[in-house]
$ cat query-v3.tsv   # TSV, C-alpha atoms
chain	number	residue	atom	x	y	z
C	1	MET	CA	-51.95	-200.38	-123.66
C	2	ALA	CA	-54.29	-203.03	-124.96
C	3	ASN	CA	-57.58	-203.21	-126.76
C	4	THR	CA	-60.49	-204.72	-124.84
C	5	GLN	CA	-63.79	-205.89	-126.20
C	6	ALA	CA	-66.63	-204.20	-124.39
C	7	MET	CA	-69.88	-202.37	-124.64
C	8	CYS	CA	-68.97	-198.77	-123.94
C	9	THR	CA	-70.28	-197.60	-120.61
C	10	SER	CA	-71.15	-194.24	-122.13
C	11	PHE	CA	-73.45	-196.12	-124.52
C	12	LYS	CA	-75.26	-197.68	-121.58
C	13	VAL	CA	-75.89	-194.23	-120.14
C	14	ASP	CA	-76.94	-193.06	-123.60
C	15	MET	CA	-79.53	-195.84	-123.70
C	16	PHE	CA	-81.18	-194.37	-120.64
C	17	ASN	CA	-81.15	-191.03	-122.44
C	18	ALA	CA	-82.50	-192.32	-125.79
C	19	VAL	CA	-79.48	-191.00	-127.67
C	20	HIS	CA	-79.10	-193.72	-130.32
C	21	ALA	CA	-81.61	-194.90	-132.92
C	22	PHE	CA	-80.56	-197.99	-134.87
C	23	ASN	CA	-83.72	-198.22	-136.93
C	24	ALA	CA	-85.93	-195.49	-138.32
C	25	THR	CA	-89.06	-197.54	-137.74
C	26	GLY	CA	-90.68	-196.75	-134.46
C	27	VAL	CA	-88.21	-194.09	-133.43
C	28	PRO	CA	-90.21	-191.88	-131.09
C	29	ALA	CA	-90.19	-188.14	-131.24
C	30	HIS	CA	-88.21	-186.43	-128.52
C	31	THR	CA	-87.92	-182.76	-127.79
C	32	ALA	CA	-84.36	-181.68	-127.14
C	33	GLY	CA	-83.87	-180.88	-123.51
C	34	VAL	CA	-87.21	-182.34	-122.43
C	35	ALA	CA	-87.37	-185.62	-120.54
C	36	ASP	CA	-90.21	-188.07	-120.99
C	37	THR	CA	-92.80	-188.52	-118.26
C	38	PHE	CA	-92.75	-191.80	-116.40
C	39	LYS	CA	-95.51	-193.25	-114.27
C	40	ALA	CA	-95.95	-196.10	-111.80
C	41	ALA	CA	-99.05	-198.30	-111.75
C	42	LEU	CA	-99.89	-200.93	-109.13
C	43	TYR	CA	-101.04	-204.44	-110.04
C	44	LEU	CA	-103.10	-207.03	-108.21
C	45	THR	CA	-101.59	-210.31	-107.11
C	46	SER	CA	-103.87	-211.93	-109.69
C	47	ALA	CA	-102.38	-209.91	-112.57
C	48	THR	CA	-99.56	-210.88	-114.90
C	49	VAL	CA	-96.94	-208.21	-115.40
C	50	ASP	CA	-93.42	-209.40	-116.11
C	51	SER	CA	-90.57	-209.19	-118.62
C	52	THR	CA	-92.99	-209.77	-121.49
C	53	THR	CA	-95.06	-206.70	-120.62
C	54	THR	CA	-94.64	-204.16	-123.41
C	55	ALA	CA	-96.87	-201.32	-122.26
C	56	TYR	CA	-99.12	-200.17	-119.46
C	57	SER	CA	-102.55	-201.79	-119.38
C	58	SER	CA	-105.39	-201.33	-116.96
C	59	THR	CA	-105.94	-205.10	-116.99
C	60	GLY	CA	-105.11	-206.36	-113.53
C	61	GLU	CA	-104.40	-202.87	-112.21
C	62	VAL	CA	-105.61	-201.99	-108.73
C	63	THR	CA	-108.76	-199.96	-108.30
C	64	GLY	CA	-109.91	-198.09	-105.26
C	65	THR	CA	-110.65	-194.82	-103.58
C	66	ASN	CA	-108.35	-191.99	-104.70
C	67	TYR	CA	-106.34	-194.27	-106.99
C	68	THR	CA	-106.30	-193.01	-110.56
C	69	ALA	CA	-105.91	-195.59	-113.33
C	70	GLY	CA	-102.38	-195.35	-114.65
C	71	GLY	CA	-100.92	-194.60	-111.26
C	72	VAL	CA	-98.74	-191.67	-110.27
C	73	THR	CA	-95.91	-189.77	-111.92
C	74	VAL	CA	-92.39	-190.88	-111.11
C	75	THR	CA	-89.78	-188.18	-110.58
C	76	PHE	CA	-86.43	-188.77	-112.23
C	77	GLY	CA	-84.68	-185.63	-111.09
C	78	THR	CA	-81.16	-187.02	-111.36
C	79	ALA	CA	-79.59	-187.74	-114.73
C	80	PRO	CA	-78.47	-191.28	-115.55
C	81	SER	CA	-74.93	-191.92	-114.43
C	82	SER	CA	-72.29	-194.64	-114.41
C	83	THR	CA	-69.67	-196.12	-112.14
C	84	SER	CA	-67.11	-198.53	-113.50
C	85	THR	CA	-68.99	-200.36	-116.27
C	86	THR	CA	-72.52	-200.03	-114.86
C	87	ALA	CA	-74.96	-197.34	-115.90
C	88	PHE	CA	-77.83	-196.63	-113.56
C	89	ILE	CA	-80.72	-194.41	-112.63
C	90	THR	CA	-83.17	-194.23	-109.74
C	91	PRO	CA	-86.21	-192.03	-109.20
C	92	SER	CA	-85.15	-189.06	-107.13
C	93	ALA	CA	-88.24	-189.17	-104.92
C	94	SER	CA	-90.38	-191.84	-103.33
C	95	ILE	CA	-93.37	-193.10	-105.27
C	96	VAL	CA	-96.37	-192.20	-103.14
C	97	TYR	CA	-100.06	-193.10	-103.39
C	98	THR	CA	-101.73	-190.76	-100.92
C	99	THR	CA	-104.87	-191.51	-98.92
C	100	VAL	CA	-105.98	-194.44	-101.01
C	101	THR	CA	-108.04	-197.49	-100.22
C	102	LEU	CA	-106.87	-200.54	-102.12
C	103	SER	CA	-108.75	-203.46	-100.64
C	104	THR	CA	-107.63	-206.20	-103.02
C	105	SER	CA	-104.08	-207.43	-102.53
C	106	PHE	CA	-101.45	-206.05	-104.88
C	107	ASN	CA	-97.80	-207.00	-105.19
C	108	ALA	CA	-96.26	-205.29	-108.21
C	109	VAL	CA	-95.54	-201.87	-109.64
C	110	LEU	CA	-95.01	-201.22	-113.34
C	111	ILE	CA	-92.90	-198.24	-114.31
C	112	TYR	CA	-93.71	-197.04	-117.79
C	113	ASN	CA	-93.16	-194.14	-120.15
C	114	SER	CA	-96.40	-192.22	-120.51
C	115	THR	CA	-94.86	-189.89	-123.08
C	116	GLN	CA	-93.96	-192.75	-125.42
C	117	SER	CA	-97.21	-194.66	-125.84
C	118	ASN	CA	-97.07	-195.97	-122.26
C	119	LYS	CA	-94.20	-198.29	-123.14
C	120	ALA	CA	-93.07	-200.50	-120.28
C	121	VAL	CA	-89.79	-199.92	-118.45
C	122	SER	CA	-89.65	-202.30	-115.49
C	123	VAL	CA	-91.68	-204.41	-113.10
C	124	HIS	CA	-90.89	-204.58	-109.39
C	125	THR	CA	-92.57	-207.09	-107.12
C	126	PHE	CA	-92.99	-207.15	-103.36
C	127	GLY	CA	-94.96	-208.81	-100.60
C	128	ALA	CA	-98.72	-208.49	-101.05
C	129	GLN	CA	-100.28	-205.41	-99.49
C	130	THR	CA	-103.60	-203.70	-98.97
C	131	ILE	CA	-104.13	-200.06	-98.01
C	132	THR	CA	-107.06	-198.68	-96.04
C	133	ALA	CA	-107.59	-194.91	-96.10
C	134	GLY	CA	-103.83	-194.67	-95.94
C	135	THR	CA	-100.70	-193.97	-97.90
C	136	PHE	CA	-98.53	-196.44	-99.78
C	137	THR	CA	-94.97	-195.21	-100.07
C	138	LEU	CA	-92.29	-196.88	-102.15
C	139	THR	CA	-88.95	-195.58	-100.94
C	140	MET	CA	-86.23	-195.67	-103.55
C	141	PRO	CA	-82.86	-197.40	-103.09
C	142	THR	CA	-79.54	-195.57	-103.17
C	143	ASN	CA	-78.74	-194.35	-106.65
C	144	ASP	CA	-75.45	-196.11	-107.26
C	145	SER	CA	-74.05	-198.93	-109.38
C	146	THR	CA	-75.01	-201.66	-106.93
C	147	ASN	CA	-78.35	-200.45	-105.61
C	148	ALA	CA	-80.00	-198.24	-108.23
C	149	LEU	CA	-83.51	-199.18	-109.27
C	150	LEU	CA	-82.53	-199.55	-112.94
C	151	ARG	CA	-79.06	-200.72	-113.96
C	152	LEU	CA	-77.33	-201.71	-117.16
C	153	ALA	CA	-74.27	-203.74	-116.26
E	1	MET	CA	-103.78	-186.23	-79.57
E	2	ALA	CA	-103.50	-186.58	-83.31
E	3	LEU	CA	-105.94	-186.98	-86.12
E	4	VAL	CA	-105.88	-190.09	-88.26
E	5	THR	CA	-107.48	-190.38	-91.68
E	6	THR	CA	-109.87	-193.32	-91.60
E	7	ILE	CA	-112.63	-194.79	-93.70
E	8	HIS	CA	-114.97	-192.82	-91.43
E	9	GLY	CA	-113.11	-189.54	-91.90
E	10	GLU	CA	-110.55	-188.01	-89.58
E	11	MET	CA	-110.61	-189.44	-86.07
E	12	ASP	CA	-108.76	-188.78	-82.86
E	13	ASP	CA	-106.13	-191.50	-82.47
E	14	SER	CA	-107.01	-191.84	-78.80
E	15	LEU	CA	-110.24	-193.50	-79.91
E	16	LEU	CA	-108.42	-196.09	-81.99
E	17	GLU	CA	-106.30	-199.15	-81.38
E	18	LYS	CA	-102.92	-198.82	-83.10
E	19	LYS	CA	-101.02	-201.80	-84.48
E	20	GLU	CA	-97.61	-201.64	-86.13
E	21	GLY	CA	-95.42	-204.16	-87.85
E	22	SER	CA	-92.40	-204.55	-90.05
E	23	LEU	CA	-90.81	-206.96	-92.47
E	24	ASP	CA	-87.22	-207.20	-93.62
E	25	ASN	CA	-86.10	-209.71	-96.22
E	26	ASP	CA	-83.87	-209.88	-99.28
E	27	ASN	CA	-86.44	-208.06	-101.40
E	28	GLU	CA	-87.78	-205.29	-99.23
E	29	THR	CA	-87.91	-203.51	-95.92
E	30	THR	CA	-91.51	-202.76	-95.10
E	31	SER	CA	-93.28	-201.17	-92.17
E	32	TRP	CA	-96.97	-200.65	-91.69
E	33	VAL	CA	-99.31	-199.00	-89.27
E	34	GLU	CA	-102.93	-199.91	-88.72
E	35	TYR	CA	-105.72	-198.30	-86.73
E	36	TRP	CA	-108.70	-200.33	-85.57
E	37	LEU	CA	-112.07	-199.22	-84.25
E	38	ASP	CA	-114.18	-201.80	-82.47
E	39	GLY	CA	-112.61	-204.62	-84.46
E	40	GLU	CA	-112.82	-202.83	-87.79
E	41	LEU	CA	-109.70	-201.85	-89.75
E	42	VAL	CA	-110.17	-198.16	-90.46
E	43	HIS	CA	-106.66	-197.16	-91.56
E	44	ARG	CA	-103.63	-198.97	-92.97
E	45	SER	CA	-100.54	-197.31	-94.39
E	46	VAL	CA	-97.41	-198.99	-95.72
E	47	ASN	CA	-93.88	-197.72	-96.27
E	48	MET	CA	-91.74	-200.01	-98.38
E	49	ALA	CA	-88.11	-199.80	-99.50
E	50	LEU	CA	-87.29	-202.11	-102.37
E	51	LYS	CA	-83.85	-203.71	-102.25
E	52	ARG	CA	-83.58	-205.61	-105.49
E	53	SER	CA	-82.60	-203.66	-108.59
E	54	VAL	CA	-83.69	-204.52	-112.07
E	55	VAL	CA	-80.49	-205.22	-113.97
E	56	GLY	CA	-80.05	-205.47	-117.70
E	57	THR	CA	-76.88	-207.09	-118.99
E	58	ALA	CA	-75.23	-205.41	-121.97
E	59	ILE	CA	-73.09	-207.68	-124.12
E	60	ALA	CA	-70.71	-206.85	-126.95
E	61	ALA	CA	-70.28	-210.12	-128.82
E	62	SER	CA	-67.09	-211.31	-130.43
E	63	ILE	CA	-67.01	-210.83	-134.20
E	64	ALA	CA	-64.59	-213.64	-134.96
$ encode --input "query-v3.tsv" --output "structure tokens"
Amino acid sequence: MANTQAMCTSFKVDMFNAVHAFNATGVPAHTAGVADTFKAALYLTSATVDSTTTAYSSTGEVTGTNYTAGGVTVTFGTAPSSTSTTAFITPSASIVYTTVTLSTSFNAVLIYNSTQSNKAVSVHTFGAQTITAGTFTLTMPTNDSTNALLRLA
Amino acid sequence: MALVTTIHGEMDDSLLEKKEGSLDNDNETTSWVEYWLDGELVHRSVNMALKRSVVGTAIAASIA
């Protein structure tokens, strides 16, 4: 046997589950057994959403027929998991914007926590798109340690 | 015959010109379908599968 320096993989999964609080300041309220609500908002190619984004903002967000500011709810029906030393989670359903018209090009989606003051989670970019009286579907990758949408390695 | 949602309401697809395309690169696999009426784009839907994960690296630093 030997001791090995590491960040415990269980801790990485716990981070997805908001188990640990290292500082009393800013610790959000959670209800035991109740997951937060996450949403996905689309952003124009002219917007700036990136690693410095701290929370959802309507600045630079798409507008159009049948699109509601703030975007749509993201379903995380599968609990965070881990394989080897990587913790991961992926939405359990596609993110779908149904029968929208988004005439100005957009190329990013911001996933954020609408329960916790709209705090940002991640930004995903893609080739610029427009939608005309149609549906924009973001199909999720396989939920595993190499493909999951969100991973802590 | 099938109905397509367009900017002019639901229309019979036999009245429309259908165009389809796809894109596959390191970031995404995307397919789209468009319907045109007399040179006007009246419907465009996109299905996109993202390939690149967002990865955070967790590090436990040495104390000594």
$ interface_residues --input "query-v3.tsv" --of "chain E" --to "chain C" --cutoff "6 Å" --atoms "all atoms listed in the file" --output "list of chain:residue names"
E:Thr6, E:Ile7, E:His43, E:Arg44, E:Ser45, E:Val46, E:Asn47, E:Met48, E:Ala49, E:Ser53, E:Val54, E:Val55, E:Gly56, E:Thr57, E:Ala60
$ residues_around --input "query-v3.tsv" --residues "C:Ser92" --least-positions-apart "6" --cutoff "7 Å" --atoms "all atoms listed in the file" --output "ChimeraX atom specification"
/C:75-78
$ axis_aligned_box --input "query-v3.tsv" --around "stretch 15-21 of chain E" --padding-each-side "6 Å" --output "AutoDock Vina command-line options"
--center_x -102.8 --center_y -198.8 --center_z -83.9 --size_x 26.8 --size_y 22.7 --size_z 19.9
$ residues_near_point --input "query-v3.tsv" --point "(-102.4, -190.1, -87.4)" --cutoff "7 Å" --atoms "all atoms listed in the file" --output "list in words"
Ala2, Leu3, Val4, Thr5 and Asp13 of chain E
$ residues_around --input "query-v3.tsv" --residues "C:Thr68" --least-positions-apart "4" --cutoff "10 Å" --atoms "all atoms listed in the file" --output "list in words"
Ala41, Val62, Thr63, Gly64, Val72, Tyr97 and Val100 of chain C
$ closest_residue --input "query-v3.tsv" --among "C:Ile89, C:Ala32, C:Ala108, C:Ala24" --to "C:Thr48" --atoms "all atoms listed in the file"
C:Ala108
$ residues_around --input "query-v3.tsv" --residues "stretch 32-37 of chain E" --least-positions-apart "2" --cutoff "8 Å" --atoms "all atoms listed in the file" --output "JSON, numbers by chain"
{"E": [15, 16, 17, 18, 19, 20, 21, 22, 30, 39, 40, 41, 42, 43, 44, 45, 46, 47]}
$ atom_distance --input "query-v3.tsv" --atom1 "atom CA of E:Leu50" --atom2 "atom CA of E:Asn27"
6.1 Å
$ residues_around --input "query-v3.tsv" --residues "E:Asp26" --least-positions-apart "3" --cutoff "9 Å" --atoms "only C-alpha atoms" --output "PDB file with C-alpha atoms, keeping the file's coordinate frame"
ATOM      1  CA  THR E  29     -87.910-203.510 -95.920  1.00  0.00           C
ATOM      2  CA  LYS E  51     -83.850-203.710-102.250  1.00  0.00           C
ATOM      3  CA  ARG E  52     -83.580-205.610-105.490  1.00  0.00           C
TER       4      ARG E  52
END
$ atom_distance --input "query-v3.tsv" --atom1 "atom CA of C:Thr53" --atom2 "atom CA of C:Ser105"
20.2 Å
$ atom_distance --input "query-v3.tsv" --atom1 "atom CA of E:Asp12" --atom2 "atom CA of C:Ser103"
23.1 Å
$ residues_near_point --input "query-v3.tsv" --point "(-87.1, -184.0, -124.2)" --cutoff "12 Å" --atoms "only C-alpha atoms" --output "number ranges by chain"
C: 17-19, 28-37, 115-116
$ write_last_selection --input "query-v3.tsv" --atoms "C-alpha atoms" --output "PDB file, in the coordinates of the input"
ATOM      1  CA  ASN C  17     -81.150-191.030-122.440  1.00  0.00           C
ATOM      2  CA  ALA C  18     -82.500-192.320-125.790  1.00  0.00           C
ATOM      3  CA  VAL C  19     -79.480-191.000-127.670  1.00  0.00           C
ATOM      4  CA  PRO C  28     -90.210-191.880-131.090  1.00  0.00           C
ATOM      5  CA  ALA C  29     -90.190-188.140-131.240  1.00  0.00           C
ATOM      6  CA  HIS C  30     -88.210-186.430-128.520  1.00  0.00           C
ATOM      7  CA  THR C  31     -87.920-182.760-127.790  1.00  0.00           C
ATOM      8  CA  ALA C  32     -84.360-181.680-127.140  1.00  0.00           C
ATOM      9  CA  GLY C  33     -83.870-180.880-123.510  1.00  0.00           C
ATOM     10  CA  VAL C  34     -87.210-182.340-122.430  1.00  0.00           C
ATOM     11  CA  ALA C  35     -87.370-185.620-120.540  1.00  0.00           C
ATOM     12  CA  ASP C  36     -90.210-188.070-120.990  1.00  0.00           C
ATOM     13  CA  THR C  37     -92.800-188.520-118.260  1.00  0.00           C
ATOM     14  CA  THR C 115     -94.860-189.890-123.080  1.00  0.00           C
ATOM     15  CA  GLN C 116     -93.960-192.750-125.420  1.00  0.00           C
TER      16      GLN C 116
END
$ residues_around --input "query-v3.tsv" --residues "C:Ser58" --least-positions-apart "3" --cutoff "8 Å" --atoms "all atoms listed in the file" --output "mmCIF file with C-alpha atoms, keeping the file's coordinate frame"
data_model
loop_
_atom_site.group_PDB
_atom_site.id
_atom_site.type_symbol
_atom_site.label_atom_id
_atom_site.label_comp_id
_atom_site.auth_asym_id
_atom_site.auth_seq_id
_atom_site.Cartn_x
_atom_site.Cartn_y
_atom_site.Cartn_z
ATOM 1 C CA GLU C 61 -104.400 -202.870 -112.210
ATOM 2 C CA ALA C 69 -105.910 -195.590 -113.330
ATOM 3 C CA GLY C 70 -102.380 -195.350 -114.650
#
$ decode --input "query-v3.tsv" --residues "stretch 1-60 of chain E" --atoms "C-alpha atoms" --output "short mmCIF file (atom, residue, chain, number, x, y, z; two decimals), in the first residue's frame"
data_model
loop_
_atom_site.label_atom_id
_atom_site.label_comp_id
_atom_site.auth_asym_id
_atom_site.auth_seq_id
_atom_site.Cartn_x
_atom_site.Cartn_y
_atom_site.Cartn_z
CA MET E 1 -48.31 15.46 -47.53
CA ALA E 2 -47.17 17.02 -44.29
CA LEU E 3 -47.68 20.34 -42.64
CA VAL E 4 -44.72 22.59 -41.94
CA THR E 5 -44.73 25.46 -39.48
CA THR E 6 -43.66 28.59 -41.34
CA ILE E 7 -43.60 32.32 -40.81
CA HIS E 8 -46.92 32.31 -42.69
CA GLY E 9 -48.47 29.62 -40.50
CA GLU E 10 -48.74 25.93 -41.25
CA MET E 11 -48.26 25.07 -44.91
CA ASP E 12 -48.37 21.93 -46.97
CA ASP E 13 -44.78 20.87 -47.65
CA SER E 14 -45.67 20.11 -51.26
CA LEU E 15 -45.90 23.86 -51.80
CA LEU E 16 -42.40 24.47 -50.48
CA GLU E 17 -38.86 23.86 -51.62
CA LYS E 18 -36.94 21.80 -49.05
CA LYS E 19 -33.21 22.20 -48.47
CA GLU E 20 -31.15 20.17 -46.02
CA GLY E 21 -27.57 20.29 -44.89
CA SER E 22 -25.19 19.03 -42.28
CA LEU E 23 -21.90 19.89 -40.64
CA ASP E 24 -19.51 17.67 -38.74
CA ASN E 25 -16.36 19.01 -37.11
CA ASP E 26 -14.43 18.66 -33.87
CA ASN E 27 -16.93 20.82 -32.01
CA GLU E 28 -20.33 19.72 -33.21
CA THR E 29 -22.47 17.60 -35.47
CA THR E 30 -25.21 19.76 -36.89
CA SER E 31 -28.03 19.18 -39.34
CA TRP E 32 -30.57 21.66 -40.57
CA VAL E 33 -33.66 21.73 -42.70
CA GLU E 34 -35.02 24.74 -44.52
CA TYR E 35 -38.24 25.36 -46.42
CA TRP E 36 -38.45 28.09 -49.04
CA LEU E 37 -41.45 29.69 -50.69
CA ASP E 38 -40.85 31.69 -53.83
CA GLY E 39 -37.32 32.55 -52.75
CA GLU E 40 -38.28 33.39 -49.18
CA LEU E 41 -36.98 31.37 -46.22
CA VAL E 42 -40.11 30.44 -44.30
CA HIS E 43 -38.78 27.71 -41.98
CA ARG E 44 -35.38 26.73 -40.61
CA SER E 45 -34.76 24.19 -37.87
CA VAL E 46 -31.42 23.03 -36.50
CA ASN E 47 -30.40 19.93 -34.56
CA MET E 48 -26.96 20.17 -33.00
CA ALA E 49 -24.93 17.71 -30.94
CA LEU E 50 -22.06 19.32 -29.08
CA LYS E 51 -18.88 17.25 -28.87
CA ARG E 52 -16.58 19.27 -26.67
CA SER E 53 -17.05 19.01 -22.92
CA VAL E 54 -16.31 21.76 -20.48
CA VAL E 55 -13.62 20.37 -18.22
CA GLY E 56 -12.48 21.75 -14.90
CA THR E 57 -9.18 20.52 -13.53
CA ALA E 58 -9.08 19.79 -9.80
CA ILE E 59 -5.66 20.03 -8.20
CA ALA E 60 -4.49 19.03 -4.73
#
